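Everything below belongs to run.txt, which stores compact mmCIF, C-alpha atoms and all ligand atoms.
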# COMPACT_ATOMS: atom_id res chain seq x y z
CA MET Z 9 125.04 75.55 110.83
CA GLY Z 10 127.91 77.91 111.62
CA ALA Z 11 127.83 81.69 111.46
CA ARG Z 12 128.20 83.38 108.09
CA VAL Z 13 131.74 84.76 107.70
CA LEU Z 14 131.89 88.55 107.30
CA ASP Z 15 134.86 88.72 104.95
CA GLY Z 16 136.78 91.93 105.59
CA GLU Z 17 139.26 91.27 102.78
CA VAL Z 18 136.51 91.29 100.14
CA VAL Z 19 134.96 94.53 101.42
CA ALA Z 20 138.38 96.17 101.89
CA HIS Z 21 139.32 95.24 98.31
CA ALA Z 22 136.21 97.00 96.99
CA ILE Z 23 137.01 100.12 99.06
CA ARG Z 24 140.65 100.14 97.91
CA GLN Z 25 139.48 99.99 94.29
CA GLU Z 26 137.20 102.98 94.88
CA VAL Z 27 140.05 104.90 96.50
CA ALA Z 28 142.39 104.05 93.59
CA ALA Z 29 139.72 105.39 91.20
CA GLY Z 30 139.39 108.53 93.35
CA VAL Z 31 143.16 109.11 93.22
CA ALA Z 32 143.11 108.64 89.42
CA ASP Z 33 140.29 111.19 89.23
CA LEU Z 34 142.38 113.75 91.16
CA LEU Z 35 145.34 113.22 88.85
CA ALA Z 36 143.10 113.53 85.78
CA ARG Z 37 142.03 116.94 87.08
CA GLY Z 38 145.70 117.95 87.22
CA LYS Z 39 145.80 117.84 91.04
CA PRO Z 40 148.76 116.46 92.99
CA ARG Z 41 148.72 112.94 94.36
CA PRO Z 42 147.45 112.62 97.97
CA ARG Z 43 150.17 112.27 100.58
CA LEU Z 44 149.95 110.59 103.99
CA VAL Z 45 152.62 110.92 106.66
CA VAL Z 46 152.74 108.30 109.40
CA VAL Z 47 154.50 109.24 112.62
CA LEU Z 48 155.88 106.32 114.62
CA SER Z 49 157.33 107.14 118.03
CA GLY Z 50 159.11 104.55 120.14
CA GLU Z 51 159.79 100.87 119.73
CA ASN Z 52 156.38 99.13 119.91
CA LEU Z 53 156.79 96.01 117.74
CA ALA Z 54 153.10 95.63 116.86
CA SER Z 55 152.98 99.30 115.83
CA GLN Z 56 155.95 98.76 113.52
CA VAL Z 57 154.03 95.98 111.73
CA TYR Z 58 150.82 98.06 111.50
CA VAL Z 59 152.70 101.05 110.13
CA ARG Z 60 154.47 98.96 107.50
CA ASN Z 61 151.08 97.60 106.36
CA LYS Z 62 149.63 101.14 106.15
CA ILE Z 63 152.54 102.40 104.03
CA LYS Z 64 152.27 99.38 101.71
CA ALA Z 65 148.51 99.89 101.33
CA CYS Z 66 149.06 103.54 100.29
CA GLU Z 67 151.41 102.44 97.55
CA GLN Z 68 148.83 99.98 96.17
CA VAL Z 69 146.21 102.70 95.59
CA GLY Z 70 148.57 105.45 94.37
CA ILE Z 71 148.75 107.51 97.58
CA ASP Z 72 152.23 108.88 98.35
CA SER Z 73 153.38 108.11 101.86
CA GLU Z 74 156.17 108.97 104.20
CA LEU Z 75 157.23 107.45 107.52
CA VAL Z 76 158.63 109.71 110.23
CA ARG Z 77 160.38 107.45 112.71
CA LEU Z 78 161.18 108.98 116.10
CA GLU Z 79 163.62 106.70 117.91
CA GLY Z 80 166.17 106.80 120.67
CA ASN Z 81 165.97 109.21 123.55
CA LEU Z 82 162.53 110.63 123.10
CA ASP Z 83 161.38 113.60 124.97
CA GLY Z 84 157.59 113.91 124.63
CA GLY Z 85 157.96 117.21 122.80
CA ARG Z 86 159.46 115.70 119.65
CA THR Z 87 156.21 114.06 118.56
CA LEU Z 88 154.44 117.35 119.16
CA SER Z 89 156.93 119.41 117.16
CA THR Z 90 156.83 116.84 114.34
CA VAL Z 91 153.03 117.18 114.14
CA GLN Z 92 153.31 120.96 114.11
CA SER Z 93 155.79 120.94 111.22
CA LEU Z 94 153.61 118.47 109.24
CA ASN Z 95 150.59 120.74 109.78
CA ASP Z 96 152.59 123.51 108.08
CA ARG Z 97 153.60 121.46 105.04
CA SER Z 98 151.23 122.15 102.16
CA ASP Z 99 152.21 118.89 100.37
CA VAL Z 100 150.89 116.79 103.29
CA ASP Z 101 147.17 115.86 103.20
CA GLY Z 102 146.97 113.35 106.04
CA ILE Z 103 148.85 112.83 109.30
CA LEU Z 104 148.56 109.61 111.27
CA VAL Z 105 150.22 109.44 114.68
CA GLN Z 106 150.47 105.74 115.44
CA LEU Z 107 149.23 104.90 118.92
CA PRO Z 108 150.11 104.10 121.63
CA LEU Z 109 152.73 106.81 122.07
CA PRO Z 110 155.68 106.22 124.43
CA GLU Z 111 154.89 107.02 128.06
CA ASP Z 112 156.71 110.35 128.09
CA ALA Z 113 154.51 111.78 125.31
CA ASP Z 114 151.21 113.45 126.15
CA GLU Z 115 148.81 111.72 123.75
CA THR Z 116 145.96 114.18 124.26
CA ARG Z 117 148.22 117.16 123.61
CA VAL Z 118 149.60 115.56 120.44
CA LEU Z 119 146.14 114.70 119.07
CA HIS Z 120 144.82 118.18 119.88
CA ALA Z 121 147.77 119.70 118.01
CA LEU Z 122 146.80 118.01 114.71
CA ASP Z 123 145.34 120.11 111.91
CA PRO Z 124 141.73 118.72 111.96
CA GLY Z 125 141.70 118.70 108.14
CA LYS Z 126 144.72 116.33 108.14
CA ASP Z 127 143.54 114.17 111.06
CA VAL Z 128 142.90 110.94 109.12
CA ASP Z 129 142.29 109.03 112.38
CA GLY Z 130 139.39 111.34 113.30
CA LEU Z 131 140.68 111.83 116.85
CA HIS Z 132 140.99 115.64 117.01
CA PRO Z 133 138.16 117.13 119.14
CA GLU Z 134 136.83 119.05 116.13
CA ASN Z 135 136.32 115.78 114.25
CA VAL Z 136 134.92 114.10 117.37
CA GLY Z 137 132.40 116.95 117.68
CA LYS Z 138 131.43 116.65 114.02
CA LEU Z 139 130.92 112.92 114.47
CA VAL Z 140 128.58 113.52 117.41
CA GLU Z 141 126.67 116.14 115.38
CA GLY Z 142 126.50 113.86 112.35
CA ALA Z 143 128.27 116.57 110.31
CA GLN Z 144 130.80 115.90 107.53
CA GLY Z 145 134.27 115.22 108.98
CA LEU Z 146 137.02 112.64 109.27
CA ARG Z 147 135.88 109.56 111.23
CA PRO Z 148 138.02 107.00 113.11
CA CYS Z 149 139.02 104.22 110.72
CA THR Z 150 138.07 101.05 112.61
CA PRO Z 151 134.45 102.03 113.38
CA SER Z 152 134.03 103.40 109.82
CA GLY Z 153 135.36 100.10 108.50
CA ILE Z 154 132.89 98.16 110.63
CA MET Z 155 129.98 100.22 109.26
CA GLU Z 156 131.23 99.49 105.74
CA LEU Z 157 131.45 95.79 106.60
CA LEU Z 158 127.88 95.71 107.93
CA GLN Z 159 126.40 97.77 105.11
CA ARG Z 160 128.21 96.03 102.26
CA SER Z 161 127.43 92.60 103.74
CA GLY Z 162 123.72 93.40 103.79
CA ILE Z 163 123.39 93.41 107.61
CA ALA Z 164 120.48 95.69 108.55
CA VAL Z 165 121.31 98.11 111.36
CA GLU Z 166 118.24 100.34 111.54
CA GLY Z 167 115.93 99.52 114.45
CA THR Z 168 118.24 96.84 115.90
CA HIS Z 169 119.68 96.74 119.38
CA ALA Z 170 123.44 97.18 118.84
CA LEU Z 171 125.73 96.65 121.81
CA VAL Z 172 129.35 97.79 121.88
CA VAL Z 173 131.73 96.29 124.42
CA GLY Z 174 134.56 98.80 125.00
CA ARG Z 175 134.55 102.58 125.41
CA SER Z 176 137.87 103.70 123.90
CA ASN Z 177 138.10 106.99 122.02
CA ILE Z 178 139.37 105.19 118.94
CA VAL Z 179 136.81 102.36 118.71
CA GLY Z 180 134.04 102.05 121.32
CA LYS Z 181 132.80 105.64 121.53
CA PRO Z 182 132.88 106.47 117.79
CA MET Z 183 131.42 103.03 116.97
CA SER Z 184 128.44 103.76 119.20
CA MET Z 185 127.88 107.11 117.51
CA LEU Z 186 128.01 105.66 113.99
CA LEU Z 187 125.54 102.90 114.94
CA LEU Z 188 123.27 105.52 116.49
CA HIS Z 189 123.41 107.62 113.30
CA ALA Z 190 122.42 104.46 111.41
CA ASN Z 191 119.31 104.30 113.63
CA ALA Z 192 120.31 101.44 115.90
CA THR Z 193 119.41 101.52 119.60
CA VAL Z 194 122.86 101.50 121.15
CA THR Z 195 124.19 100.22 124.47
CA ILE Z 196 127.81 100.88 125.46
CA CYS Z 197 129.31 98.38 127.90
CA HIS Z 198 132.72 98.22 129.57
CA SER Z 199 134.77 96.51 132.27
CA ARG Z 200 132.49 97.76 135.08
CA THR Z 201 129.22 96.71 133.42
CA ARG Z 202 127.25 94.33 135.61
CA ASP Z 203 126.04 91.05 134.10
CA LEU Z 204 127.47 91.74 130.67
CA PRO Z 205 126.56 88.32 129.19
CA HIS Z 206 122.89 88.87 130.05
CA LEU Z 207 122.84 92.37 128.52
CA ALA Z 208 124.80 91.28 125.45
CA ARG Z 209 122.31 88.47 124.80
CA SER Z 210 119.64 91.03 123.98
CA ALA Z 211 121.67 92.53 121.10
CA GLU Z 212 121.20 91.74 117.43
CA ILE Z 213 124.56 93.38 116.65
CA LEU Z 214 127.46 92.87 119.05
CA VAL Z 215 130.75 94.75 118.50
CA VAL Z 216 133.54 93.58 120.77
CA ALA Z 217 136.61 95.75 121.44
CA VAL Z 218 137.78 94.77 124.92
CA GLY Z 219 141.37 93.70 124.27
CA LYS Z 220 141.00 90.30 125.98
CA PRO Z 221 141.62 87.09 124.02
CA ALA Z 222 138.47 85.00 123.38
CA PHE Z 223 136.58 86.95 126.06
CA VAL Z 224 133.15 86.70 124.45
CA THR Z 225 131.68 83.20 124.59
CA GLU Z 226 128.30 81.77 123.59
CA GLU Z 227 126.54 83.05 126.71
CA PHE Z 228 127.02 86.62 125.42
CA VAL Z 229 125.38 85.91 122.08
CA LYS Z 230 121.72 85.97 121.07
CA PRO Z 231 121.10 83.15 118.57
CA GLY Z 232 121.48 84.55 115.04
CA ALA Z 233 123.20 87.78 116.17
CA THR Z 234 125.87 89.51 114.10
CA VAL Z 235 129.17 89.56 116.01
CA VAL Z 236 132.03 91.87 115.02
CA ASP Z 237 135.42 91.11 116.58
CA VAL Z 238 137.84 94.05 116.86
CA GLY Z 239 140.47 92.25 118.97
CA ILE Z 240 143.75 90.79 117.79
CA HIS Z 241 146.03 88.70 120.00
CA ARG Z 242 148.87 86.28 119.39
CA ILE Z 243 148.18 82.82 120.83
CA VAL Z 244 150.99 81.59 123.02
CA SER Z 245 150.17 77.95 123.88
CA PRO Z 246 148.81 74.84 122.11
CA GLY Z 247 146.27 74.58 124.95
CA GLN Z 248 144.80 77.94 123.95
CA ALA Z 249 144.77 77.00 120.25
CA GLU Z 250 142.94 73.77 121.06
CA ASP Z 251 140.41 75.56 123.27
CA PHE Z 252 139.78 78.44 120.79
CA PHE Z 253 139.77 76.45 117.52
CA GLY Z 254 139.45 72.72 118.38
CA ALA Z 255 141.74 69.69 118.57
CA GLY Z 256 141.77 69.05 114.82
CA SER Z 257 142.08 72.69 113.77
CA ARG Z 258 144.58 74.11 111.26
CA GLN Z 259 145.40 76.78 113.85
CA LEU Z 260 146.61 74.17 116.36
CA ALA Z 261 148.66 72.47 113.65
CA ALA Z 262 150.11 75.85 112.60
CA LEU Z 263 151.07 76.73 116.17
CA LYS Z 264 152.74 73.34 116.70
CA SER Z 265 154.79 73.87 113.55
CA GLY Z 266 156.07 77.20 114.89
CA ARG Z 267 153.84 79.59 112.95
CA SER Z 268 152.08 82.44 114.69
CA VAL Z 269 148.34 82.15 115.25
CA LEU Z 270 145.93 84.97 116.07
CA VAL Z 271 142.65 85.13 117.96
CA GLY Z 272 140.29 88.04 118.57
CA ASP Z 273 138.20 89.12 121.55
CA VAL Z 274 135.56 86.55 120.54
CA HIS Z 275 135.92 82.82 121.27
CA PRO Z 276 135.57 81.46 117.73
CA ARG Z 277 134.80 77.80 118.50
CA ARG Z 278 132.10 78.62 121.03
CA VAL Z 279 130.49 81.59 119.24
CA LYS Z 280 130.43 80.33 115.63
CA PRO Z 281 127.61 77.79 116.13
CA ARG Z 282 125.36 80.39 117.78
CA ALA Z 283 125.97 83.64 115.87
CA GLY Z 284 124.26 84.44 112.57
CA ALA Z 285 127.35 86.22 111.24
CA LEU Z 286 130.87 86.65 112.61
CA SER Z 287 133.89 88.65 111.46
CA PRO Z 288 137.01 86.44 111.49
CA VAL Z 289 140.41 87.24 113.01
CA PRO Z 290 142.50 87.73 110.97
CA GLY Z 291 140.69 88.90 107.82
CA GLY Z 292 137.74 90.71 109.38
CA VAL Z 293 138.05 94.20 110.82
CA GLY Z 294 141.84 94.62 110.31
CA PRO Z 295 141.85 95.08 106.50
CA LEU Z 296 138.92 97.51 106.80
CA THR Z 297 140.78 99.78 109.22
CA ILE Z 298 143.49 100.23 106.61
CA ALA Z 299 141.03 100.62 103.73
CA CYS Z 300 139.23 103.39 105.64
CA LEU Z 301 142.54 105.11 106.37
CA LEU Z 302 143.09 105.28 102.60
CA LYS Z 303 139.53 106.54 102.13
CA ASN Z 304 140.06 109.25 104.76
CA THR Z 305 143.36 110.29 103.17
CA LEU Z 306 141.63 110.68 99.79
CA GLN Z 307 138.83 112.65 101.46
CA ALA Z 308 141.33 114.95 103.21
CA ALA Z 309 143.18 115.45 99.93
CA ARG Z 310 139.98 116.32 98.04
CA VAL Z 311 138.95 118.90 100.63
CA HIS Z 312 142.53 120.24 100.70
CA ARG Z 313 142.30 120.74 96.90
CA GLY Z 314 138.95 122.54 97.13
CA LEU Z 315 136.81 119.59 95.99
CA PRO Z 316 133.76 118.28 97.87
CA ALA Z 317 134.26 115.30 100.18
CA GLN Z 318 132.73 112.09 98.85
CA ARG Z 319 130.75 109.66 100.99
N1 LIG Z 401 147.00 101.83 117.01
C1 LIG Z 401 146.19 100.77 116.84
N2 LIG Z 401 145.23 101.05 115.94
C2 LIG Z 401 145.43 102.32 115.53
C3 LIG Z 401 144.77 103.18 114.62
O1 LIG Z 401 143.76 102.83 113.98
N3 LIG Z 401 145.28 104.43 114.49
C4 LIG Z 401 146.37 104.83 115.20
N4 LIG Z 401 146.80 106.07 115.02
N5 LIG Z 401 147.01 104.07 116.04
C5 LIG Z 401 146.54 102.81 116.21
Give the structure from this file in structure tokens form.
Ligand code: GUN
Amino acid sequence: MGARVLDGEVVAHAIRQEVAAGVADLLARGKPRPRLVVVLSGENLASQVYVRNKIKACEQVGIDSELVRLEGNLDGGRTLSTVQSLNDRSDVDGILVQLPLPEDADETRVLHALDPGKDVDGLHPENVGKLVEGAQGLRPCTPSGIMELLQRSGIAVEGTHALVVGRSNIVGKPMSMLLLHANATVTICHSRTRDLPHLARSAEILVVAVGKPAFVTEEFVKPGATVVDVGIHRIVSPGQAEDFFGAGSRQLAALKSGRSVLVGDVHPRRVKPRAGALSPVPGGVGPLTIACLLKNTLQAARVHRGLPAQR
């Protein structure tokens, strides 16, 4: 028996439909359409793909979007001044500064400069504080998406031991807070944690955001545990594809025929037989991050128009 697949596409589809209905509701009240502006600084190829997907997703639910592309000779101040001018525009409801920023930009300064009401990534310290308090505010998209995935897949969180591997501001820390608010007992682990496999084996819910391909193997997993994989990596060799997916896998065949193949932070072939549920890569957490960005943009737009935020 393999792990149950936690299908992110199905859950994301349901969220996108709710957002589309929320946009239609705004329009029916005579309010303007929500507008998201995505700021992309520098030449990061993966970021260019992510940003394109975000813009496309906005279109599908009726959210207006705009891409501000900052190229060429960047001095760090241009991202900052762009954010400041977007804060001042009353037609803009949400601002997303795609990360990572080029090295010459001061990421903390840029994130602190965002209008907290337009901070659809939930990274401004005011939103971080509200998250810690459990108060209404904009939450980071990937951890929110994971909570949606767990809740809408019927995975009970309350009373469980949930363990998060990774302590980033965008995933690990907010993930831990959301799990805590859902009444899990939460452990946060990271690269300096001693005997991680042993600790991880005591968790009923394991969220992995370490940025290392196929890092989590069966010795990290309690039998029957729910495993959520936040990583995404391009596989570079047939040897890797065979190890991660098996000799007869479609992934190995795809790689050999020149197509690109992805793997997460979890070793799929070794973890699937042991876990109770596993989010796939691709098709797990990724679509939910985007769906929650749309949800946050709608929420920001509602508050901006004087309406209450919805759950
Ligand atoms: N880079 C990778 N993921 C994200 C995200 O969710 N938001 C932003 N702003 N940048 C990212």
Would you tabulate, counting all atoms listed in the file, all residues of chain Z that have an atom at most 12 Å from an atom of ligand LIG 401 (chain Z), showing the closest pair of atoms and their distance in Å to one decimal, sorted by chain then ascending number, as a Markdown table?
| residue | atom | partner | partner_atom | distance |
| --- | --- | --- | --- | --- |
| Z:Val45 | CA | Z:LIG401 | N4 | 11.3 |
| Z:Val46 | CA | Z:LIG401 | N4 | 8.5 |
| Z:Val47 | CA | Z:LIG401 | N4 | 8.7 |
| Z:Leu48 | CA | Z:LIG401 | N4 | 9.1 |
| Z:Ser49 | CA | Z:LIG401 | N5 | 10.9 |
| Z:Asn52 | CA | Z:LIG401 | N1 | 10.2 |
| Z:Leu53 | CA | Z:LIG401 | N1 | 11.4 |
| Z:Ala54 | CA | Z:LIG401 | C1 | 8.6 |
| Z:Ser55 | CA | Z:LIG401 | N1 | 6.6 |
| Z:Gln56 | CA | Z:LIG401 | N1 | 10.1 |
| Z:Val57 | CA | Z:LIG401 | C1 | 10.5 |
| Z:Tyr58 | CA | Z:LIG401 | C1 | 7.6 |
| Z:Val59 | CA | Z:LIG401 | N5 | 8.7 |
| Z:Asn61 | CA | Z:LIG401 | N2 | 11.7 |
| Z:Lys62 | CA | Z:LIG401 | O1 | 9.9 |
| Z:Gly102 | CA | Z:LIG401 | N4 | 11.6 |
| Z:Ile103 | CA | Z:LIG401 | N4 | 9.1 |
| Z:Leu104 | CA | Z:LIG401 | N4 | 5.4 |
| Z:Val105 | CA | Z:LIG401 | N4 | 4.8 |
| Z:Gln106 | CA | Z:LIG401 | N4 | 3.7 |
| Z:Leu107 | CA | Z:LIG401 | N5 | 3.7 |
| Z:Pro108 | CA | Z:LIG401 | N1 | 6.0 |
| Z:Leu109 | CA | Z:LIG401 | N5 | 8.8 |
| Z:Glu115 | CA | Z:LIG401 | N4 | 10.6 |
| Z:Val118 | CA | Z:LIG401 | N4 | 11.3 |
| Z:Leu119 | CA | Z:LIG401 | N4 | 9.6 |
| Z:Leu122 | CA | Z:LIG401 | N4 | 11.9 |
| Z:Asp127 | CA | Z:LIG401 | N4 | 9.6 |
| Z:Val128 | CA | Z:LIG401 | N4 | 8.6 |
| Z:Asp129 | CA | Z:LIG401 | N3 | 5.9 |
| Z:Gly130 | CA | Z:LIG401 | N3 | 9.2 |
| Z:Leu131 | CA | Z:LIG401 | N4 | 8.6 |
| Z:His132 | CA | Z:LIG401 | N4 | 11.4 |
| Z:Arg147 | CA | Z:LIG401 | O1 | 10.7 |
| Z:Pro148 | CA | Z:LIG401 | O1 | 7.1 |
| Z:Cys149 | CA | Z:LIG401 | O1 | 5.9 |
| Z:Thr150 | CA | Z:LIG401 | O1 | 6.1 |
| Z:Pro151 | CA | Z:LIG401 | O1 | 9.4 |
| Z:Ser152 | CA | Z:LIG401 | O1 | 10.6 |
| Z:Gly153 | CA | Z:LIG401 | O1 | 10.4 |
| Z:Ser176 | CA | Z:LIG401 | N2 | 11.2 |
| Z:Asn177 | CA | Z:LIG401 | C3 | 10.7 |
| Z:Ile178 | CA | Z:LIG401 | O1 | 7.0 |
| Z:Val179 | CA | Z:LIG401 | O1 | 8.4 |
| Z:Ala217 | CA | Z:LIG401 | N2 | 11.5 |
| Z:Gly219 | CA | Z:LIG401 | C1 | 11.3 |
| Z:Val238 | CA | Z:LIG401 | N2 | 10.2 |
| Z:Gly239 | CA | Z:LIG401 | N2 | 10.5 |
| Z:Ile240 | CA | Z:LIG401 | C1 | 10.3 |
| Z:Val293 | CA | Z:LIG401 | O1 | 10.8 |
| Z:Gly294 | CA | Z:LIG401 | N2 | 9.2 |
| Z:Pro295 | CA | Z:LIG401 | O1 | 10.9 |
| Z:Leu296 | CA | Z:LIG401 | O1 | 10.2 |
| Z:Thr297 | CA | Z:LIG401 | O1 | 6.4 |
| Z:Ile298 | CA | Z:LIG401 | O1 | 7.8 |
| Z:Ala299 | CA | Z:LIG401 | O1 | 10.8 |
| Z:Cys300 | CA | Z:LIG401 | O1 | 9.5 |
| Z:Leu301 | CA | Z:LIG401 | O1 | 8.0 |
| Z:Leu302 | CA | Z:LIG401 | O1 | 11.7 |
| Z:Asn304 | CA | Z:LIG401 | O1 | 11.8 |
Here is a test: counting all atoms listed in the file, which residue of Z:Gly16, Z:Pro276, Z:Pro221, Z:Gly162 is nearest to Gly292 in chain Z? Z:Gly16
Spatial neighbours of Gln25 in chain Z, 12 Å, all atoms listed in the file, chain gap at least 2 places, as a PDB file with C-alpha atoms, in the frame of the given file:
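Written out: around20.pdb:
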ATOM      1  CA  VAL Z  18     136.510  91.290 100.140  1.00  0.00           C
ATOM      2  CA  VAL Z  19     134.960  94.530 101.420  1.00  0.00           C
ATOM      3  CA  ALA Z  20     138.380  96.170 101.890  1.00  0.00           C
ATOM      4  CA  HIS Z  21     139.320  95.240  98.310  1.00  0.00           C
ATOM      5  CA  ALA Z  22     136.210  97.000  96.990  1.00  0.00           C
ATOM      6  CA  ILE Z  23     137.010 100.120  99.060  1.00  0.00           C
ATOM      7  CA  VAL Z  27     140.050 104.900  96.500  1.00  0.00           C
ATOM      8  CA  ALA Z  28     142.390 104.050  93.590  1.00  0.00           C
ATOM      9  CA  ALA Z  29     139.720 105.390  91.200  1.00  0.00           C
ATOM     10  CA  GLY Z  30     139.390 108.530  93.350  1.00  0.00           C
ATOM     11  CA  VAL Z  31     143.160 109.110  93.220  1.00  0.00           C
ATOM     12  CA  ALA Z  32     143.110 108.640  89.420  1.00  0.00           C
ATOM     13  CA  ALA Z  65     148.510  99.890 101.330  1.00  0.00           C
ATOM     14  CA  CYS Z  66     149.060 103.540 100.290  1.00  0.00           C
ATOM     15  CA  GLN Z  68     148.830  99.980  96.170  1.00  0.00           C
ATOM     16  CA  VAL Z  69     146.210 102.700  95.590  1.00  0.00           C
ATOM     17  CA  GLY Z  70     148.570 105.450  94.370  1.00  0.00           C
ATOM     18  CA  ALA Z 299     141.030 100.620 103.730  1.00  0.00           C
ATOM     19  CA  CYS Z 300     139.230 103.390 105.640  1.00  0.00           C
ATOM     20  CA  LEU Z 302     143.090 105.280 102.600  1.00  0.00           C
ATOM     21  CA  LYS Z 303     139.530 106.540 102.130  1.00  0.00           C
TER      22      LYS Z 303
END
Show me the residues around (114.7, 99.5, 111.7) - criterion: an atom at most 10 Å away, only C-alpha atoms counted - as a PDB file with C-alpha atoms, keeping the file's coordinate frame.
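Saved the output as point_0.pdb:
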ATOM      1  CA  ALA Z 164     120.480  95.690 108.550  1.00  0.00           C
ATOM      2  CA  VAL Z 165     121.310  98.110 111.360  1.00  0.00           C
ATOM      3  CA  GLU Z 166     118.240 100.340 111.540  1.00  0.00           C
ATOM      4  CA  GLY Z 167     115.930  99.520 114.450  1.00  0.00           C
ATOM      5  CA  THR Z 168     118.240  96.840 115.900  1.00  0.00           C
ATOM      6  CA  HIS Z 169     119.680  96.740 119.380  1.00  0.00           C
ATOM      7  CA  ALA Z 190     122.420 104.460 111.410  1.00  0.00           C
ATOM      8  CA  ASN Z 191     119.310 104.300 113.630  1.00  0.00           C
ATOM      9  CA  ALA Z 192     120.310 101.440 115.900  1.00  0.00           C
ATOM     10  CA  THR Z 193     119.410 101.520 119.600  1.00  0.00           C
TER      11      THR Z 193
END
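Taking CA of Glu17 in chain Z and CA of Ile163 in chain Z as endpoints, the distance between them is 16.7 Å.
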Box in all listed atoms of range 196-212 of chain Z, axis-aligned, with 5 Å more on each side; write out centre and edge lengths in Å to one decimal as JSON.
{"center_x": 127.2, "center_y": 94.6, "center_z": 126.5, "size_x": 25.1, "size_y": 22.6, "size_z": 28.2}
For N, CA, C and O atoms, please extract range 193-205 of chain Z from the block and return it as a compact mmCIF listing (two decimals), in the first residue's frame.
# COMPACT_ATOMS: atom_id res chain seq x y z
N THR Z 193 1.11 20.15 18.24
CA THR Z 193 2.34 20.37 19.03
C THR Z 193 3.46 20.43 18.01
O THR Z 193 3.63 19.50 17.22
N VAL Z 194 4.17 21.56 17.97
CA VAL Z 194 5.03 21.82 16.82
C VAL Z 194 6.52 21.80 17.18
O VAL Z 194 6.93 22.41 18.16
N THR Z 195 7.28 21.11 16.36
CA THR Z 195 8.75 21.14 16.47
C THR Z 195 9.30 21.78 15.20
O THR Z 195 8.85 21.44 14.10
N ILE Z 196 10.24 22.71 15.36
CA ILE Z 196 10.89 23.31 14.18
C ILE Z 196 12.33 22.79 14.13
O ILE Z 196 13.08 22.93 15.09
N CYS Z 197 12.68 22.18 13.01
CA CYS Z 197 14.04 21.64 12.84
C CYS Z 197 14.74 22.37 11.70
O CYS Z 197 14.11 23.01 10.87
N HIS Z 198 16.06 22.24 11.65
CA HIS Z 198 16.85 22.96 10.64
C HIS Z 198 18.18 22.26 10.45
O HIS Z 198 18.40 21.18 11.02
N SER Z 199 19.07 22.90 9.70
CA SER Z 199 20.31 22.23 9.30
C SER Z 199 21.20 21.87 10.49
O SER Z 199 22.05 20.98 10.39
N ARG Z 200 21.05 22.53 11.62
CA ARG Z 200 21.89 22.22 12.78
C ARG Z 200 21.22 21.25 13.77
O ARG Z 200 21.79 20.95 14.81
N THR Z 201 20.01 20.81 13.46
CA THR Z 201 19.32 19.89 14.37
C THR Z 201 20.06 18.57 14.44
O THR Z 201 20.43 18.01 13.40
N ARG Z 202 20.27 18.08 15.66
CA ARG Z 202 20.95 16.80 15.82
C ARG Z 202 19.96 15.65 15.69
O ARG Z 202 18.84 15.74 16.17
N ASP Z 203 20.38 14.60 15.03
CA ASP Z 203 19.58 13.38 14.83
C ASP Z 203 18.17 13.68 14.34
O ASP Z 203 17.17 13.26 14.92
N LEU Z 204 18.14 14.40 13.22
CA LEU Z 204 16.85 14.78 12.61
C LEU Z 204 15.97 13.57 12.27
O LEU Z 204 14.77 13.58 12.58
N PRO Z 205 16.52 12.49 11.67
CA PRO Z 205 15.64 11.37 11.33
C PRO Z 205 14.91 10.82 12.56
O PRO Z 205 13.71 10.55 12.50
